[in-house]
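Printed here is data32.txt (compact mmCIF, C-alpha atoms and all ligand atoms):
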# COMPACT_ATOMS: atom_id res chain seq x y z
CA MET A 276 0.00 0.00 0.00
CA ASN A 277 1.60 3.29 -1.14
CA ILE A 278 0.10 6.43 0.31
CA LEU A 279 0.78 10.17 0.29
CA ILE A 280 -0.63 12.40 3.00
CA PHE A 281 -0.99 16.17 2.57
CA GLY A 282 -2.07 18.84 5.02
CA PRO A 283 -0.72 22.22 6.12
CA ASN A 284 1.52 22.33 9.17
CA GLY A 285 -0.90 22.29 12.07
CA SER A 286 -3.59 20.18 10.38
CA GLY A 287 -2.83 17.06 12.45
CA LYS A 288 -1.18 15.39 9.49
CA GLY A 289 1.46 13.69 11.68
CA THR A 290 -1.20 12.35 14.08
CA GLN A 291 -3.42 11.01 11.29
CA GLY A 292 -0.39 9.70 9.44
CA ALA A 293 0.63 7.61 12.45
CA ILE A 294 -2.87 6.05 12.50
CA VAL A 295 -2.86 5.28 8.78
CA GLN A 296 0.64 3.84 9.15
CA LYS A 297 -0.56 1.47 11.88
CA LYS A 298 -3.57 0.37 9.81
CA TYR A 299 -1.39 -0.77 6.93
CA GLY A 300 1.83 -1.61 8.80
CA VAL A 301 3.95 0.37 6.36
CA PRO A 302 6.83 2.71 7.29
CA HIS A 303 5.80 6.31 8.03
CA ILE A 304 8.36 8.36 6.17
CA GLU A 305 8.36 11.97 7.38
CA THR A 306 10.79 14.30 5.64
CA GLY A 307 10.86 16.71 8.58
CA VAL A 308 11.73 13.86 11.01
CA ILE A 309 14.51 12.60 8.75
CA PHE A 310 15.98 16.12 8.58
CA ARG A 311 15.74 16.64 12.35
CA GLN A 312 17.40 13.26 13.04
CA ASN A 313 20.24 14.24 10.72
CA ILE A 314 20.57 17.63 12.39
CA SER A 315 20.77 16.12 15.88
CA LYS A 316 23.34 13.55 14.69
CA LYS A 317 25.25 16.38 12.98
CA THR A 318 25.48 14.45 9.68
CA PRO A 319 26.59 16.28 6.50
CA LEU A 320 22.94 16.17 5.31
CA GLY A 321 21.81 17.70 8.59
CA GLU A 322 24.43 20.43 8.42
CA LYS A 323 23.27 21.35 4.90
CA ALA A 324 19.57 21.30 5.79
CA LYS A 325 19.69 23.16 9.12
CA ALA A 326 19.91 26.76 7.89
CA PHE A 327 16.94 26.32 5.55
CA ILE A 328 14.81 24.67 8.21
CA ASP A 329 15.67 27.37 10.76
CA ARG A 330 14.48 30.01 8.29
CA GLY A 331 11.25 28.12 7.56
CA GLU A 332 12.31 27.57 3.97
CA LEU A 333 12.27 24.35 2.01
CA VAL A 334 15.51 22.40 1.89
CA PRO A 335 16.59 22.57 -1.78
CA ASP A 336 15.15 19.94 -4.12
CA ASP A 337 18.60 18.63 -5.10
CA ILE A 338 19.08 17.49 -1.49
CA THR A 339 15.49 16.46 -0.67
CA ILE A 340 14.38 14.60 -3.80
CA PRO A 341 17.28 12.08 -3.93
CA MET A 342 17.09 11.63 -0.15
CA ILE A 343 13.43 10.52 -0.38
CA LEU A 344 13.72 8.52 -3.60
CA ASP A 345 16.65 6.61 -2.00
CA ARG A 346 14.65 6.07 1.18
CA LEU A 347 11.83 4.50 -0.86
CA LYS A 348 14.31 1.95 -2.21
CA GLU A 349 15.11 0.59 1.25
CA ASP A 350 13.94 -2.92 2.16
CA ASP A 351 11.19 -1.89 4.57
CA CYS A 352 9.46 0.01 1.73
CA LYS A 353 8.92 -3.16 -0.30
CA LYS A 354 5.60 -3.71 1.49
CA GLY A 355 4.59 -0.09 0.89
CA TRP A 356 5.02 3.32 2.47
CA LEU A 357 3.26 6.36 3.81
CA LEU A 358 4.98 9.55 2.69
CA ASP A 359 4.40 12.58 4.88
CA GLY A 360 5.93 15.99 4.12
CA PHE A 361 6.94 15.02 0.60
CA PRO A 362 6.21 16.17 -2.08
CA ARG A 363 6.13 19.73 -0.80
CA ASN A 364 6.18 21.51 -4.15
CA LEU A 365 5.37 20.92 -7.80
CA ALA A 366 8.92 19.93 -8.76
CA GLN A 367 9.00 17.25 -6.05
CA ALA A 368 5.58 15.97 -7.16
CA GLU A 369 6.77 15.66 -10.75
CA ALA A 370 9.99 13.92 -9.66
CA LEU A 371 8.08 11.46 -7.46
CA TRP A 372 5.51 10.70 -10.16
CA ALA A 373 8.27 10.13 -12.75
CA ALA A 374 10.17 7.84 -10.36
CA LEU A 375 7.03 5.82 -9.59
CA GLU A 376 6.14 5.49 -13.26
CA LYS A 377 9.68 4.38 -14.07
CA GLU A 378 9.61 1.69 -11.38
CA LYS A 379 5.97 0.80 -12.21
CA ILE A 380 4.94 1.50 -8.64
CA SER A 381 1.31 2.49 -8.13
CA LEU A 382 0.05 5.22 -5.85
CA ASP A 383 -2.88 3.73 -3.93
CA TYR A 384 -4.14 6.71 -1.97
CA VAL A 385 -3.52 10.44 -1.76
CA ILE A 386 -5.00 11.91 1.42
CA GLU A 387 -5.55 15.67 1.72
CA ILE A 388 -6.44 17.27 5.06
CA ASP A 389 -8.08 20.67 4.47
CA LEU A 390 -7.62 23.38 7.10
CA ASP A 391 -8.00 27.15 7.24
CA ARG A 392 -4.63 28.92 7.41
CA GLU A 393 -5.30 30.87 10.65
CA ILE A 394 -6.50 27.80 12.56
CA ALA A 395 -3.45 25.89 11.37
CA LYS A 396 -1.15 28.62 12.71
CA LYS A 397 -2.70 28.58 16.19
CA ARG A 398 -2.42 24.82 16.36
CA ILE A 399 1.28 24.88 15.44
CA MET A 400 2.07 27.31 18.23
CA GLY A 401 0.38 24.94 20.71
CA ARG A 402 2.30 21.84 19.63
CA ARG A 403 4.53 20.15 22.23
CA LEU A 404 7.09 17.39 21.63
CA CYS A 405 7.65 14.44 23.93
CA LYS A 406 11.31 13.46 24.23
CA THR A 407 10.50 9.72 24.37
CA ASP A 408 8.57 9.68 21.08
CA ASN A 409 7.94 12.61 18.73
CA ASN A 410 4.88 10.78 17.42
CA HIS A 411 3.07 11.13 20.77
CA PRO A 412 0.53 13.87 19.97
CA ASN A 413 0.39 16.76 22.46
CA ASN A 414 -1.09 20.23 21.81
CA ILE A 415 -2.01 22.87 24.36
CA HIS A 416 -4.59 24.37 21.91
CA ILE A 417 -6.43 21.14 21.05
CA ASP A 418 -8.58 19.72 23.85
CA ALA A 419 -8.50 16.14 22.58
CA ILE A 420 -4.69 15.95 22.75
CA LYS A 421 -3.88 18.37 25.58
CA PRO A 422 -0.77 17.27 27.51
CA ALA A 423 -1.46 15.82 30.95
CA GLU A 424 -0.35 17.37 34.25
CA LYS A 425 1.66 15.73 37.00
CA ASP A 426 2.66 17.60 40.15
CA GLY A 427 1.91 20.89 38.38
CA LYS A 428 4.16 19.94 35.46
CA VAL A 429 3.11 19.47 31.84
CA VAL A 430 3.77 15.83 30.85
CA CYS A 431 3.19 13.76 27.72
CA ARG A 432 -0.43 12.58 27.59
CA VAL A 433 0.63 9.25 26.07
CA CYS A 434 3.64 8.11 28.13
CA GLY A 435 3.88 10.64 30.97
CA CYS A 436 7.35 11.76 29.87
CA GLU A 437 8.29 14.98 31.70
CA GLU A 438 10.64 16.24 29.02
CA MET A 439 8.29 18.23 26.84
CA SER A 440 9.48 20.91 24.49
CA ALA A 441 8.29 23.15 21.68
CA ARG A 442 10.16 23.10 18.40
CA ALA A 443 11.89 26.45 17.88
CA ASP A 444 10.42 26.77 14.38
CA ASP A 445 6.93 26.19 15.83
CA GLN A 446 7.20 29.34 17.96
CA ASP A 447 8.41 31.62 15.18
CA ALA A 448 5.34 33.32 13.64
CA ALA A 449 7.29 34.62 10.63
CA ALA A 450 8.68 31.14 9.88
CA ILE A 451 5.18 29.65 10.20
CA ASP A 452 3.83 32.23 7.74
CA LYS A 453 6.64 31.34 5.38
CA ARG A 454 5.89 27.60 5.65
CA HIS A 455 2.18 28.22 5.14
CA GLY A 456 2.99 30.48 2.21
CA ILE A 457 4.68 27.47 0.63
CA TYR A 458 1.83 25.09 1.50
CA TYR A 459 -1.08 27.25 0.32
CA ASP A 460 0.71 28.28 -2.89
CA THR A 461 -1.31 26.82 -5.77
CA LYS A 462 1.22 27.88 -8.44
CA THR A 463 4.40 26.00 -7.46
CA GLY A 464 3.91 25.12 -3.78
CA THR A 465 2.32 22.20 -1.97
CA LEU A 466 -1.24 22.83 -3.15
CA ALA A 467 0.16 22.83 -6.67
CA ALA A 468 1.54 19.35 -5.87
CA VAL A 469 -1.88 18.28 -4.52
CA ASN A 470 -3.54 19.55 -7.70
CA TYR A 471 -0.94 17.72 -9.77
CA PHE A 472 -2.05 14.45 -8.16
CA LYS A 473 -5.74 15.41 -8.43
CA ALA A 474 -5.30 15.38 -12.19
CA ARG A 475 -3.72 11.91 -12.08
CA THR A 476 -5.26 9.92 -9.27
CA LYS A 477 -8.18 9.90 -6.84
CA ILE A 478 -7.74 12.14 -3.80
CA ILE A 479 -9.29 11.43 -0.42
CA ALA A 480 -10.15 14.88 0.94
CA VAL A 481 -11.10 15.33 4.62
CA ASP A 482 -12.06 18.35 6.72
CA GLY A 483 -9.25 18.96 9.25
CA SER A 484 -11.16 21.50 11.36
CA VAL A 485 -13.19 18.90 13.27
CA PRO A 486 -11.89 16.99 16.34
CA VAL A 487 -8.98 14.61 15.76
CA LYS A 488 -11.10 11.46 16.15
CA GLU A 489 -13.63 12.67 13.55
CA VAL A 490 -10.83 13.34 11.08
CA THR A 491 -9.51 9.82 11.73
CA ASP A 492 -12.96 8.25 11.27
CA ASP A 493 -13.45 10.16 8.02
CA ILE A 494 -10.07 9.02 6.68
CA LEU A 495 -10.56 5.38 7.73
CA LYS A 496 -14.07 5.37 6.21
CA LYS A 497 -12.71 6.58 2.89
CA LEU A 498 -9.70 4.22 2.89
CA VAL A 499 -11.66 1.19 1.72
P1 LIG B 1 8.00 19.46 8.99
O1 LIG B 1 8.42 18.67 10.19
O2 LIG B 1 7.28 18.63 7.97
O3 LIG B 1 7.28 20.71 9.36
O4 LIG B 1 9.36 19.92 8.27
C1 LIG B 1 10.26 20.78 8.91
C2 LIG B 1 11.10 21.48 7.89
O5 LIG B 1 11.86 20.51 7.13
C3 LIG B 1 10.35 22.28 6.84
O6 LIG B 1 9.97 23.56 7.29
C4 LIG B 1 11.39 22.34 5.72
O7 LIG B 1 12.40 23.29 6.01
C5 LIG B 1 12.01 20.96 5.80
N1 LIG B 1 11.29 20.03 4.91
C6 LIG B 1 10.43 19.05 5.26
N2 LIG B 1 9.94 18.41 4.20
C7 LIG B 1 10.52 18.99 3.11
C8 LIG B 1 10.44 18.78 1.71
N3 LIG B 1 9.65 17.84 1.17
N4 LIG B 1 11.20 19.57 0.89
C9 LIG B 1 12.00 20.50 1.40
N5 LIG B 1 12.11 20.77 2.71
C10 LIG B 1 11.40 20.03 3.57
Take the structure in this file and express it as structure tokens.
Amino acid sequence: MNILIFGPNGSGKGTQGAIVQKKYGVPHIETGVIFRQNISKKTPLGEKAKAFIDRGELVPDDITIPMILDRLKEDDCKKGWLLDGFPRNLAQAEALWAALEKEKISLDYVIEIDLDREIAKKRIMGRRLCKTDNNHPNNIHIDAIKPAEKDGKVVCRVCGCEEMSARADDQDAAAIDKRHGIYYDTKTGTLAAVNYFKARTKIIAVDGSVPVKEVTDDILKKLV
């Protein structure tokens, strides 16, 4: 099962992606996570990507496209994959489509989570990361996934981890606006990539403004 998931930063794409990943037992490949792992390990890739990420800009295509196309060739991707955060622009969409066509790999589902830009921004600023597992959803602005409290301290609602942090780029309003500018750009940005796939395959569109569980139910209902 090969799936793409789209949604602006703040739409709950990571949360929903983790659920879809579990349903199909395929690797959840998140470009942002791969970059952050490389940055924390201080790899050459991480060193190259860091400045762009810190500015809220896309890492250049000549770094990102081969990184993802190589990742899809790894053994665990033989049973399928869920790509999250890629493609992020029209050029990446075209490169992915060409690579899939060349390898005769089908795209089974393209999921698009729709969300108003202002709501997405507020949600990003409320996002908190758990040190034990970045996939544990915590957000101080979303009731359903509010972090828990222990002895007056904010702790992860999933595992109780006390080491909770906010990503620096999540607290930078200008960087968020830049990232959203890229996402909502229908000419060459991420919505241009979504439209590119709309012309080629069936898209599963869901409303991201409703509570997390309703978004999940909607996605699972449409993933037949
Ligand atoms: P994310 O965790 O998806 O918000 O990604 C964090 C940052 O990583 C983004 O703001 C970009 O700087 C970079 N990034 C993630 N995915 C891509 C991509 N497909 N192409 C270029 N840069 C990316």
**Report entry** Spatial neighbours of segment 286-295 of chain A, max dist 9 Å, all atoms listed in the file, sep filter under 5 positions, as a ChimeraX atom specification
**Finding:** /A:280-281,300-301,303,305,357-360,387-391,394-395,398-399,410-412,483-484,487,490-491,494-495
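The nearest approach to Gly307 of chain A among the residues A:Gly427, A:Gly456, A:Pro486, A:Gly331, with only C-alpha atoms taken into account, belongs to A:Gly331.
Nearest residue to Cys434 of chain A, choosing from A:Ile343, A:Val308, A:Cys405, A:Ala324 and counting all atoms listed in the file: A:Cys405.
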Query raised in the report: Do you know which residues are within 8 Å of ligand LIG 1 (chain B) using all atoms listed in the file? Can you write them as a PyMOL selection string?
Result: chain A and resi 284+305-308+310-311+324-325+327-336+339-340+359-364+367+444+454
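Residue nearest Arg346 of chain A within the list A:Ile304, A:Asp408, A:Lys316, A:Glu437: A:Ile304 [criterion: smallest interatomic distance, only C-alpha atoms].
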Query raised in the report: From the set A:Asp345, A:Glu322, A:Ala441, A:Leu371, which residue has the shortest atom-to-atom contact distance to Ala468 of chain A, counting all atoms listed in the file?
Result: A:Leu371
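The two atoms in question, atom CA of Ile420 of chain A and atom CA of His455 of chain A, are spaced 22.5 Å apart.
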Could you pull segment 292-379 of chain A out of the structure I just pasted and write it to a file containing C-alpha atoms, as a short mmCIF file (atom, residue, chain, number, x, y, z; two decimals), in the first residue's frame?
data_model
loop_
_atom_site.label_atom_id
_atom_site.label_comp_id
_atom_site.auth_asym_id
_atom_site.auth_seq_id
_atom_site.Cartn_x
_atom_site.Cartn_y
_atom_site.Cartn_z
CA GLY A 292 -0.39 9.70 9.44
CA ALA A 293 0.63 7.61 12.45
CA ILE A 294 -2.87 6.05 12.50
CA VAL A 295 -2.86 5.28 8.78
CA GLN A 296 0.64 3.84 9.15
CA LYS A 297 -0.56 1.47 11.88
CA LYS A 298 -3.57 0.37 9.81
CA TYR A 299 -1.39 -0.77 6.93
CA GLY A 300 1.83 -1.61 8.80
CA VAL A 301 3.95 0.37 6.36
CA PRO A 302 6.83 2.71 7.29
CA HIS A 303 5.80 6.31 8.03
CA ILE A 304 8.36 8.36 6.17
CA GLU A 305 8.36 11.97 7.38
CA THR A 306 10.79 14.30 5.64
CA GLY A 307 10.86 16.71 8.58
CA VAL A 308 11.73 13.86 11.01
CA ILE A 309 14.51 12.60 8.75
CA PHE A 310 15.98 16.12 8.58
CA ARG A 311 15.74 16.64 12.35
CA GLN A 312 17.40 13.26 13.04
CA ASN A 313 20.24 14.24 10.72
CA ILE A 314 20.57 17.63 12.39
CA SER A 315 20.77 16.12 15.88
CA LYS A 316 23.34 13.55 14.69
CA LYS A 317 25.25 16.38 12.98
CA THR A 318 25.48 14.45 9.68
CA PRO A 319 26.59 16.28 6.50
CA LEU A 320 22.94 16.17 5.31
CA GLY A 321 21.81 17.70 8.59
CA GLU A 322 24.43 20.43 8.42
CA LYS A 323 23.27 21.35 4.90
CA ALA A 324 19.57 21.30 5.79
CA LYS A 325 19.69 23.16 9.12
CA ALA A 326 19.91 26.76 7.89
CA PHE A 327 16.94 26.32 5.55
CA ILE A 328 14.81 24.67 8.21
CA ASP A 329 15.67 27.37 10.76
CA ARG A 330 14.48 30.01 8.29
CA GLY A 331 11.25 28.12 7.56
CA GLU A 332 12.31 27.57 3.97
CA LEU A 333 12.27 24.35 2.01
CA VAL A 334 15.51 22.40 1.89
CA PRO A 335 16.59 22.57 -1.78
CA ASP A 336 15.15 19.94 -4.12
CA ASP A 337 18.60 18.63 -5.10
CA ILE A 338 19.08 17.49 -1.49
CA THR A 339 15.49 16.46 -0.67
CA ILE A 340 14.38 14.60 -3.80
CA PRO A 341 17.28 12.08 -3.93
CA MET A 342 17.09 11.63 -0.15
CA ILE A 343 13.43 10.52 -0.38
CA LEU A 344 13.72 8.52 -3.60
CA ASP A 345 16.65 6.61 -2.00
CA ARG A 346 14.65 6.07 1.18
CA LEU A 347 11.83 4.50 -0.86
CA LYS A 348 14.31 1.95 -2.21
CA GLU A 349 15.11 0.59 1.25
CA ASP A 350 13.94 -2.92 2.16
CA ASP A 351 11.19 -1.89 4.57
CA CYS A 352 9.46 0.01 1.73
CA LYS A 353 8.92 -3.16 -0.30
CA LYS A 354 5.60 -3.71 1.49
CA GLY A 355 4.59 -0.09 0.89
CA TRP A 356 5.02 3.32 2.47
CA LEU A 357 3.26 6.36 3.81
CA LEU A 358 4.98 9.55 2.69
CA ASP A 359 4.40 12.58 4.88
CA GLY A 360 5.93 15.99 4.12
CA PHE A 361 6.94 15.02 0.60
CA PRO A 362 6.21 16.17 -2.08
CA ARG A 363 6.13 19.73 -0.80
CA ASN A 364 6.18 21.51 -4.15
CA LEU A 365 5.37 20.92 -7.80
CA ALA A 366 8.92 19.93 -8.76
CA GLN A 367 9.00 17.25 -6.05
CA ALA A 368 5.58 15.97 -7.16
CA GLU A 369 6.77 15.66 -10.75
CA ALA A 370 9.99 13.92 -9.66
CA LEU A 371 8.08 11.46 -7.46
CA TRP A 372 5.51 10.70 -10.16
CA ALA A 373 8.27 10.13 -12.75
CA ALA A 374 10.17 7.84 -10.36
CA LEU A 375 7.03 5.82 -9.59
CA GLU A 376 6.14 5.49 -13.26
CA LYS A 377 9.68 4.38 -14.07
CA GLU A 378 9.61 1.69 -11.38
CA LYS A 379 5.97 0.80 -12.21
#
